[in-house]
$ cat coords08.cif   # mmCIF, N, CA and C atoms
data_start
loop_
_atom_site.group_PDB
_atom_site.id
_atom_site.type_symbol
_atom_site.label_atom_id
_atom_site.label_comp_id
_atom_site.auth_asym_id
_atom_site.auth_seq_id
_atom_site.Cartn_x
_atom_site.Cartn_y
_atom_site.Cartn_z
ATOM 1 N N MET N 1 -4.078 13.902 1.515
ATOM 2 C CA MET N 1 -4.128 13.816 0.085
ATOM 3 C C MET N 1 -4.928 12.564 -0.287
ATOM 4 N N LEU N 2 -5.729 12.668 -1.317
ATOM 5 C CA LEU N 2 -6.525 11.529 -1.743
ATOM 6 C C LEU N 2 -5.652 10.476 -2.428
ATOM 7 N N LEU N 3 -5.967 9.227 -2.161
ATOM 8 C CA LEU N 3 -5.231 8.110 -2.750
ATOM 9 C C LEU N 3 -5.230 8.196 -4.269
ATOM 10 N N GLU N 4 -6.335 8.595 -4.862
ATOM 11 C CA GLU N 4 -6.405 8.673 -6.317
ATOM 12 C C GLU N 4 -5.365 9.631 -6.899
ATOM 13 N N LYS N 5 -5.040 10.694 -6.169
ATOM 14 C CA LYS N 5 -4.024 11.639 -6.642
ATOM 15 C C LYS N 5 -2.634 11.003 -6.601
ATOM 16 N N ILE N 6 -2.370 10.246 -5.562
ATOM 17 C CA ILE N 6 -1.085 9.538 -5.472
ATOM 18 C C ILE N 6 -0.970 8.534 -6.618
ATOM 19 N N ILE N 7 -2.035 7.786 -6.864
ATOM 20 C CA ILE N 7 -2.043 6.787 -7.937
ATOM 21 C C ILE N 7 -1.757 7.440 -9.284
ATOM 22 N N GLU N 8 -2.398 8.549 -9.543
ATOM 23 C CA GLU N 8 -2.218 9.248 -10.821
ATOM 24 C C GLU N 8 -0.812 9.819 -10.973
ATOM 25 N N ASN N 9 -0.306 10.469 -9.932
ATOM 26 C CA ASN N 9 0.982 11.160 -10.023
ATOM 27 C C ASN N 9 2.180 10.234 -10.044
ATOM 28 N N ILE N 10 2.035 9.049 -9.500
ATOM 29 C CA ILE N 10 3.166 8.121 -9.452
ATOM 30 C C ILE N 10 2.972 6.977 -10.440
ATOM 31 N N ASP N 11 1.845 6.957 -11.117
ATOM 32 C CA ASP N 11 1.555 5.942 -12.116
ATOM 33 C C ASP N 11 1.587 4.542 -11.518
ATOM 34 N N LEU N 12 0.807 4.364 -10.448
ATOM 35 C CA LEU N 12 0.695 3.057 -9.817
ATOM 36 C C LEU N 12 -0.378 2.240 -10.522
ATOM 37 N N GLU N 13 -0.167 0.940 -10.603
ATOM 38 C CA GLU N 13 -1.152 0.042 -11.202
ATOM 39 C C GLU N 13 -2.134 -0.411 -10.121
ATOM 40 N N ILE N 14 -3.411 -0.291 -10.399
ATOM 41 C CA ILE N 14 -4.443 -0.703 -9.449
ATOM 42 C C ILE N 14 -4.722 -2.189 -9.661
ATOM 43 N N ILE N 15 -4.572 -2.969 -8.594
ATOM 44 C CA ILE N 15 -4.806 -4.410 -8.654
ATOM 45 C C ILE N 15 -6.154 -4.754 -8.039
ATOM 46 N N SER N 16 -6.398 -4.239 -6.875
ATOM 47 C CA SER N 16 -7.669 -4.463 -6.184
ATOM 48 C C SER N 16 -8.301 -3.101 -5.986
ATOM 49 N N GLU N 17 -9.242 -2.799 -6.845
ATOM 50 C CA GLU N 17 -9.840 -1.464 -6.814
ATOM 51 C C GLU N 17 -10.799 -1.341 -5.642
ATOM 52 N N ASP N 18 -10.551 -0.365 -4.850
ATOM 53 C CA ASP N 18 -11.415 -0.043 -3.726
ATOM 54 C C ASP N 18 -11.651 1.452 -3.819
ATOM 55 N N ASN N 19 -12.333 2.011 -2.880
ATOM 56 C CA ASN N 19 -12.602 3.437 -2.874
ATOM 57 C C ASN N 19 -11.296 4.226 -2.874
ATOM 58 N N GLN N 20 -11.011 4.909 -3.951
ATOM 59 C CA GLN N 20 -9.775 5.675 -4.072
ATOM 60 C C GLN N 20 -9.922 7.088 -3.533
ATOM 61 N N ASP N 21 -11.068 7.383 -2.929
ATOM 62 C CA ASP N 21 -11.272 8.682 -2.296
ATOM 63 C C ASP N 21 -10.771 8.676 -0.858
ATOM 64 N N LYS N 22 -9.997 7.667 -0.515
ATOM 65 C CA LYS N 22 -9.464 7.560 0.843
ATOM 66 C C LYS N 22 -8.387 8.615 1.067
ATOM 67 N N GLU N 23 -8.414 9.220 2.233
ATOM 68 C CA GLU N 23 -7.434 10.234 2.602
ATOM 69 C C GLU N 23 -6.170 9.542 3.099
ATOM 70 N N ILE N 24 -5.037 9.902 2.511
ATOM 71 C CA ILE N 24 -3.734 9.355 2.902
ATOM 72 C C ILE N 24 -2.935 10.477 3.556
ATOM 73 N N LYS N 25 -2.594 10.264 4.821
ATOM 74 C CA LYS N 25 -1.815 11.250 5.567
ATOM 75 C C LYS N 25 -0.450 10.720 5.965
ATOM 76 N N THR N 26 -0.344 9.403 6.121
ATOM 77 C CA THR N 26 0.914 8.800 6.569
ATOM 78 C C THR N 26 1.221 7.552 5.756
ATOM 79 N N GLY N 27 2.480 7.196 5.728
ATOM 80 C CA GLY N 27 2.901 5.990 5.040
ATOM 81 C C GLY N 27 4.018 5.308 5.803
ATOM 82 N N TYR N 28 4.260 4.060 5.450
ATOM 83 C CA TYR N 28 5.307 3.286 6.110
ATOM 84 C C TYR N 28 5.901 2.325 5.090
ATOM 85 N N THR N 29 7.214 2.173 5.118
ATOM 86 C CA THR N 29 7.899 1.260 4.216
ATOM 87 C C THR N 29 8.639 0.222 5.035
ATOM 88 N N SER N 30 8.251 -1.031 4.860
ATOM 89 C CA SER N 30 8.920 -2.127 5.558
ATOM 90 C C SER N 30 8.445 -3.445 4.974
ATOM 91 N N ASP N 31 9.306 -4.466 5.113
ATOM 92 C CA ASP N 31 8.955 -5.804 4.658
ATOM 93 C C ASP N 31 8.760 -6.772 5.816
ATOM 94 N N LEU N 32 9.018 -6.322 7.031
ATOM 95 C CA LEU N 32 8.834 -7.158 8.210
ATOM 96 C C LEU N 32 7.449 -6.928 8.790
ATOM 97 N N LEU N 33 6.622 -7.949 8.782
ATOM 98 C CA LEU N 33 5.248 -7.801 9.258
ATOM 99 C C LEU N 33 5.201 -7.362 10.712
ATOM 100 N N SER N 34 6.080 -7.906 11.533
ATOM 101 C CA SER N 34 6.090 -7.530 12.955
ATOM 102 C C SER N 34 6.455 -6.063 13.137
ATOM 103 N N GLU N 35 7.339 -5.563 12.311
ATOM 104 C CA GLU N 35 7.719 -4.145 12.395
ATOM 105 C C GLU N 35 6.553 -3.257 11.973
ATOM 106 N N VAL N 36 5.867 -3.644 10.937
ATOM 107 C CA VAL N 36 4.718 -2.872 10.472
ATOM 108 C C VAL N 36 3.639 -2.846 11.557
ATOM 109 N N MET N 37 3.413 -3.979 12.189
ATOM 110 C CA MET N 37 2.400 -4.043 13.251
ATOM 111 C C MET N 37 2.779 -3.172 14.445
ATOM 112 N N SER N 38 4.062 -3.076 14.752
ATOM 113 C CA SER N 38 4.489 -2.277 15.909
ATOM 114 C C SER N 38 4.650 -0.795 15.574
ATOM 115 N N SER N 39 4.439 -0.427 14.310
ATOM 116 C CA SER N 39 4.652 0.961 13.876
ATOM 117 C C SER N 39 3.583 1.924 14.360
ATOM 118 N N GLY N 40 2.479 1.398 14.824
ATOM 119 C CA GLY N 40 1.392 2.267 15.259
ATOM 120 C C GLY N 40 0.380 2.539 14.169
ATOM 121 N N GLY N 41 0.629 2.019 12.984
ATOM 122 C CA GLY N 41 -0.323 2.159 11.884
ATOM 123 C C GLY N 41 -0.047 3.337 10.977
ATOM 124 N N SER N 42 -0.347 3.160 9.723
ATOM 125 C CA SER N 42 -0.219 4.182 8.697
ATOM 126 C C SER N 42 -1.341 3.984 7.696
ATOM 127 N N ASP N 43 -1.556 4.966 6.857
ATOM 128 C CA ASP N 43 -2.595 4.869 5.841
ATOM 129 C C ASP N 43 -2.155 4.049 4.636
ATOM 130 N N LEU N 44 -0.850 4.093 4.328
ATOM 131 C CA LEU N 44 -0.311 3.467 3.126
ATOM 132 C C LEU N 44 0.927 2.673 3.511
ATOM 133 N N TRP N 45 1.057 1.470 2.976
ATOM 134 C CA TRP N 45 2.182 0.591 3.293
ATOM 135 C C TRP N 45 2.883 0.213 1.997
ATOM 136 N N ILE N 46 4.192 0.398 1.959
ATOM 137 C CA ILE N 46 5.020 0.062 0.808
ATOM 138 C C ILE N 46 5.879 -1.138 1.185
ATOM 139 N N THR N 47 5.849 -2.190 0.346
ATOM 140 C CA THR N 47 6.527 -3.441 0.693
ATOM 141 C C THR N 47 6.835 -4.280 -0.542
ATOM 142 N N VAL N 48 7.669 -5.317 -0.346
ATOM 143 C CA VAL N 48 7.888 -6.339 -1.367
ATOM 144 C C VAL N 48 7.122 -7.614 -1.018
ATOM 145 N N GLN N 49 6.467 -7.620 0.134
ATOM 146 C CA GLN N 49 5.689 -8.792 0.555
ATOM 147 C C GLN N 49 4.374 -8.831 -0.214
ATOM 148 N N SER N 50 4.012 -10.024 -0.702
ATOM 149 C CA SER N 50 2.789 -10.115 -1.497
ATOM 150 C C SER N 50 1.836 -11.215 -1.033
ATOM 151 N N HIS N 51 2.186 -11.945 -0.007
ATOM 152 C CA HIS N 51 1.335 -13.040 0.465
ATOM 153 C C HIS N 51 0.123 -12.497 1.234
ATOM 154 N N SER N 52 -0.831 -13.341 1.476
ATOM 155 C CA SER N 52 -2.103 -12.899 2.049
ATOM 156 C C SER N 52 -1.999 -12.364 3.476
ATOM 157 N N ASN N 53 -0.939 -12.685 4.189
ATOM 158 C CA ASN N 53 -0.787 -12.166 5.556
ATOM 159 C C ASN N 53 -0.666 -10.644 5.597
ATOM 160 N N ILE N 54 -0.252 -10.033 4.492
ATOM 161 C CA ILE N 54 -0.148 -8.567 4.495
ATOM 162 C C ILE N 54 -1.519 -7.922 4.642
ATOM 163 N N VAL N 55 -2.538 -8.577 4.110
ATOM 164 C CA VAL N 55 -3.895 -8.034 4.232
ATOM 165 C C VAL N 55 -4.365 -8.123 5.681
ATOM 166 N N ALA N 56 -4.045 -9.216 6.339
ATOM 167 C CA ALA N 56 -4.413 -9.360 7.752
ATOM 168 C C ALA N 56 -3.750 -8.278 8.594
ATOM 169 N N VAL N 57 -2.463 -8.042 8.372
ATOM 170 C CA VAL N 57 -1.745 -7.003 9.107
ATOM 171 C C VAL N 57 -2.339 -5.633 8.795
ATOM 172 N N ALA N 58 -2.584 -5.369 7.519
ATOM 173 C CA ALA N 58 -3.159 -4.082 7.118
ATOM 174 C C ALA N 58 -4.496 -3.833 7.796
ATOM 175 N N THR N 59 -5.305 -4.861 7.887
ATOM 176 C CA THR N 59 -6.617 -4.739 8.518
ATOM 177 C C THR N 59 -6.488 -4.425 10.000
ATOM 178 N N ILE N 60 -5.567 -5.094 10.664
ATOM 179 C CA ILE N 60 -5.373 -4.898 12.101
ATOM 180 C C ILE N 60 -4.937 -3.466 12.424
ATOM 181 N N ILE N 61 -4.033 -2.908 11.621
ATOM 182 C CA ILE N 61 -3.468 -1.590 11.964
ATOM 183 C C ILE N 61 -4.105 -0.432 11.194
ATOM 184 N N GLY N 62 -5.075 -0.710 10.335
ATOM 185 C CA GLY N 62 -5.803 0.366 9.666
ATOM 186 C C GLY N 62 -5.204 0.883 8.375
ATOM 187 N N VAL N 63 -4.374 0.088 7.721
ATOM 188 C CA VAL N 63 -3.807 0.484 6.429
ATOM 189 C C VAL N 63 -4.926 0.516 5.387
ATOM 190 N N LYS N 64 -4.948 1.567 4.582
ATOM 191 C CA LYS N 64 -5.979 1.720 3.559
ATOM 192 C C LYS N 64 -5.537 1.181 2.199
ATOM 193 N N ALA N 65 -4.217 1.222 1.948
ATOM 194 C CA ALA N 65 -3.683 0.781 0.656
ATOM 195 C C ALA N 65 -2.285 0.213 0.843
ATOM 196 N N ILE N 66 -1.977 -0.803 0.035
ATOM 197 C CA ILE N 66 -0.650 -1.416 0.035
ATOM 198 C C ILE N 66 -0.062 -1.238 -1.356
ATOM 199 N N VAL N 67 1.207 -0.815 -1.401
ATOM 200 C CA VAL N 67 1.921 -0.676 -2.665
ATOM 201 C C VAL N 67 2.995 -1.755 -2.720
ATOM 202 N N LEU N 68 2.879 -2.644 -3.683
ATOM 203 C CA LEU N 68 3.864 -3.697 -3.917
ATOM 204 C C LEU N 68 4.859 -3.183 -4.945
ATOM 205 N N VAL N 69 6.131 -3.263 -4.629
ATOM 206 C CA VAL N 69 7.165 -2.664 -5.483
ATOM 207 C C VAL N 69 7.990 -3.726 -6.219
ATOM 208 N N ASN N 70 8.925 -3.248 -7.030
ATOM 209 C CA ASN N 70 9.863 -4.081 -7.793
ATOM 210 C C ASN N 70 9.173 -4.966 -8.833
ATOM 211 N N GLY N 71 7.988 -4.584 -9.283
ATOM 212 C CA GLY N 71 7.293 -5.318 -10.323
ATOM 213 C C GLY N 71 6.762 -6.675 -9.882
ATOM 214 N N ARG N 72 6.710 -6.909 -8.595
ATOM 215 C CA ARG N 72 6.199 -8.190 -8.082
ATOM 216 C C ARG N 72 4.689 -8.266 -8.262
ATOM 217 N N ASP N 73 4.164 -9.484 -8.154
ATOM 218 C CA ASP N 73 2.728 -9.701 -8.314
ATOM 219 C C ASP N 73 2.122 -10.259 -7.033
ATOM 220 N N TYR N 74 0.877 -9.897 -6.789
ATOM 221 C CA TYR N 74 0.113 -10.442 -5.670
ATOM 222 C C TYR N 74 -0.453 -11.811 -6.063
ATOM 223 N N SER N 75 -0.608 -12.680 -5.086
ATOM 224 C CA SER N 75 -1.294 -13.942 -5.342
ATOM 225 C C SER N 75 -2.791 -13.671 -5.439
ATOM 226 N N GLN N 76 -3.513 -14.576 -6.064
ATOM 227 C CA GLN N 76 -4.962 -14.415 -6.184
ATOM 228 C C GLN N 76 -5.616 -14.415 -4.809
ATOM 229 N N ASP N 77 -5.077 -15.202 -3.886
ATOM 230 C CA ASP N 77 -5.599 -15.260 -2.519
ATOM 231 C C ASP N 77 -5.479 -13.894 -1.834
ATOM 232 N N THR N 78 -4.350 -13.236 -2.036
ATOM 233 C CA THR N 78 -4.142 -11.905 -1.457
ATOM 234 C C THR N 78 -5.143 -10.906 -2.039
ATOM 235 N N ILE N 79 -5.353 -10.964 -3.327
ATOM 236 C CA ILE N 79 -6.285 -10.053 -3.999
ATOM 237 C C ILE N 79 -7.705 -10.260 -3.468
ATOM 238 N N GLU N 80 -8.121 -11.504 -3.328
ATOM 239 C CA GLU N 80 -9.461 -11.794 -2.822
ATOM 240 C C GLU N 80 -9.632 -11.314 -1.382
ATOM 241 N N LYS N 81 -8.620 -11.542 -0.542
ATOM 242 C CA LYS N 81 -8.699 -11.081 0.853
ATOM 243 C C LYS N 81 -8.784 -9.559 0.912
ATOM 244 N N ALA N 82 -8.009 -8.890 0.070
ATOM 245 C CA ALA N 82 -8.021 -7.421 0.057
ATOM 246 C C ALA N 82 -9.396 -6.896 -0.338
ATOM 247 N N LYS N 83 -10.024 -7.524 -1.304
ATOM 248 C CA LYS N 83 -11.372 -7.118 -1.720
ATOM 249 C C LYS N 83 -12.354 -7.276 -0.564
ATOM 250 N N GLU N 84 -12.247 -8.392 0.154
ATOM 251 C CA GLU N 84 -13.125 -8.649 1.299
ATOM 252 C C GLU N 84 -12.952 -7.612 2.403
ATOM 253 N N GLU N 85 -11.711 -7.174 2.612
ATOM 254 C CA GLU N 85 -11.389 -6.267 3.715
ATOM 255 C C GLU N 85 -11.404 -4.791 3.317
ATOM 256 N N GLY N 86 -11.577 -4.497 2.027
ATOM 257 C CA GLY N 86 -11.604 -3.106 1.575
ATOM 258 C C GLY N 86 -10.238 -2.441 1.537
ATOM 259 N N ILE N 87 -9.204 -3.241 1.308
ATOM 260 C CA ILE N 87 -7.836 -2.719 1.203
ATOM 261 C C ILE N 87 -7.508 -2.559 -0.275
ATOM 262 N N CYS N 88 -7.049 -1.400 -0.663
ATOM 263 C CA CYS N 88 -6.673 -1.140 -2.047
ATOM 264 C C CYS N 88 -5.263 -1.687 -2.277
ATOM 265 N N LEU N 89 -5.112 -2.575 -3.268
ATOM 266 C CA LEU N 89 -3.796 -3.108 -3.629
ATOM 267 C C LEU N 89 -3.295 -2.407 -4.877
ATOM 268 N N LEU N 90 -2.072 -1.927 -4.789
ATOM 269 C CA LEU N 90 -1.426 -1.226 -5.894
ATOM 270 C C LEU N 90 -0.079 -1.868 -6.147
ATOM 271 N N LYS N 91 0.484 -1.638 -7.323
ATOM 272 C CA LYS N 91 1.838 -2.130 -7.565
ATOM 273 C C LYS N 91 2.597 -1.188 -8.472
ATOM 274 N N SER N 92 3.929 -1.337 -8.419
ATOM 275 C CA SER N 92 4.816 -0.494 -9.209
ATOM 276 C C SER N 92 6.044 -1.296 -9.616
ATOM 277 N N LYS N 93 6.618 -0.948 -10.748
ATOM 278 C CA LYS N 93 7.885 -1.543 -11.177
ATOM 279 C C LYS N 93 9.059 -0.887 -10.457
ATOM 280 N N GLN N 94 8.809 0.274 -9.859
ATOM 281 C CA GLN N 94 9.870 1.003 -9.169
ATOM 282 C C GLN N 94 10.218 0.322 -7.847
ATOM 283 N N ASN N 95 11.381 0.687 -7.299
ATOM 284 C CA ASN N 95 11.781 0.098 -6.019
ATOM 285 C C ASN N 95 11.194 0.890 -4.852
ATOM 286 N N ALA N 96 11.318 0.312 -3.663
ATOM 287 C CA ALA N 96 10.713 0.903 -2.462
ATOM 288 C C ALA N 96 11.294 2.279 -2.153
ATOM 289 N N PHE N 97 12.584 2.463 -2.361
ATOM 290 C CA PHE N 97 13.216 3.741 -2.063
ATOM 291 C C PHE N 97 12.604 4.855 -2.910
ATOM 292 N N ASP N 98 12.502 4.609 -4.209
ATOM 293 C CA ASP N 98 11.965 5.634 -5.112
ATOM 294 C C ASP N 98 10.497 5.945 -4.821
ATOM 295 N N ILE N 99 9.685 4.906 -4.643
ATOM 296 C CA ILE N 99 8.261 5.108 -4.365
ATOM 297 C C ILE N 99 8.066 5.853 -3.048
ATOM 298 N N THR N 100 8.811 5.440 -2.029
ATOM 299 C CA THR N 100 8.706 6.095 -0.724
ATOM 300 C C THR N 100 9.033 7.577 -0.832
ATOM 301 N N GLY N 101 10.105 7.890 -1.513
ATOM 302 C CA GLY N 101 10.509 9.285 -1.674
ATOM 303 C C GLY N 101 9.463 10.122 -2.391
ATOM 304 N N LYS N 102 8.907 9.574 -3.445
ATOM 305 C CA LYS N 102 7.898 10.307 -4.218
ATOM 306 C C LYS N 102 6.635 10.553 -3.398
ATOM 307 N N ILE N 103 6.182 9.516 -2.699
ATOM 308 C CA ILE N 103 4.962 9.683 -1.900
ATOM 309 C C ILE N 103 5.223 10.625 -0.733
ATOM 310 N N TYR N 104 6.377 10.511 -0.104
ATOM 311 C CA TYR N 104 6.724 11.421 1.003
ATOM 312 C C TYR N 104 6.707 12.869 0.516
ATOM 313 N N ALA N 105 7.316 13.123 -0.631
ATOM 314 C CA ALA N 105 7.350 14.495 -1.160
ATOM 315 C C ALA N 105 5.939 15.001 -1.440
ATOM 316 N N MET N 106 5.078 14.147 -1.964
ATOM 317 C CA MET N 106 3.704 14.561 -2.235
ATOM 318 C C MET N 106 2.961 14.893 -0.936
ATOM 319 N N LEU N 107 3.142 14.089 0.081
ATOM 320 C CA LEU N 107 2.443 14.318 1.347
ATOM 321 C C LEU N 107 2.967 15.569 2.067
ATOM 322 N N GLN N 108 4.216 15.922 1.831
ATOM 323 C CA GLN N 108 4.777 17.124 2.445
ATOM 324 C C GLN N 108 4.379 18.382 1.684
ATOM 325 N N GLY N 109 4.058 18.185 0.382
ATOM 326 C CA GLY N 109 3.746 19.183 -0.590
ATOM 327 C C GLY N 109 3.121 20.418 -0.233
#
$ encode --input "coords08.cif" --output "structure tokens"
Amino acid sequence: MLLEKIIENIDLEIISEDNQDKEIKTGYTSDLLSEVMSSGGSDLWITVQSHSNIVAVATIIGVKAIVLVNGRDYSQDTIEKAKEEGICLLKSKQNAFDITGKIYAMLQG
């Protein structure tokens, strides 16, 4: 499923606009960077972490987009790193459980 469809259907806010024609097949929800790194990689990552290290982890494992939940904000440093690395940053006021469920249902669709 294209990232742009997920963004539209779940009403995610785009923070760092990148190519939204990216194909999303898998997702992962976690706040532990080491766990995300050992997951084997996913296309989309849902987290409450907003510091710049998330972009480094995303780059290493091939994450195409990060969804920040609970209405949190990214630092400017994180946004700049994401732009450099081509990672799409998104955010939502919803919690991780709700966002994960909605995206999972869409991908199973």
$ atom_distance --input "coords08.cif" --atom1 "atom CA of Ile10 of chain N" --atom2 "atom CA of Ser92 of chain N"
8.8 Å
$ residues_around --input "coords08.cif" --residues "segment 70-80 of chain N" --least-positions-apart "3" --cutoff "6.5 Å" --atoms "only N, CA and C atoms" --output "ChimeraX atom specification"
/N:16,50-52,83-85,91-96
$ closest_residue --input "coords08.cif" --among "N:Leu89, N:Met37, N:Ile15, N:Leu44" --to "Leu107 of chain N" --atoms "only C-alpha atoms"
N:Leu44
$ resolve_selection --input "coords08.cif" --expression "the PyMOL selection byres ((chain N and resi 60-62) around 7)" --output "PyMOL selection string"
chain N and resi 37+40-44+55-59+63-65
$ select_by_dssp --input "coords08.cif" --residues "segment 15-87 of chain N" --states "strand (DSSP E or B)" --output "PyMOL selection string"
chain N and resi 15-16+23+27-29+44-47+65-68
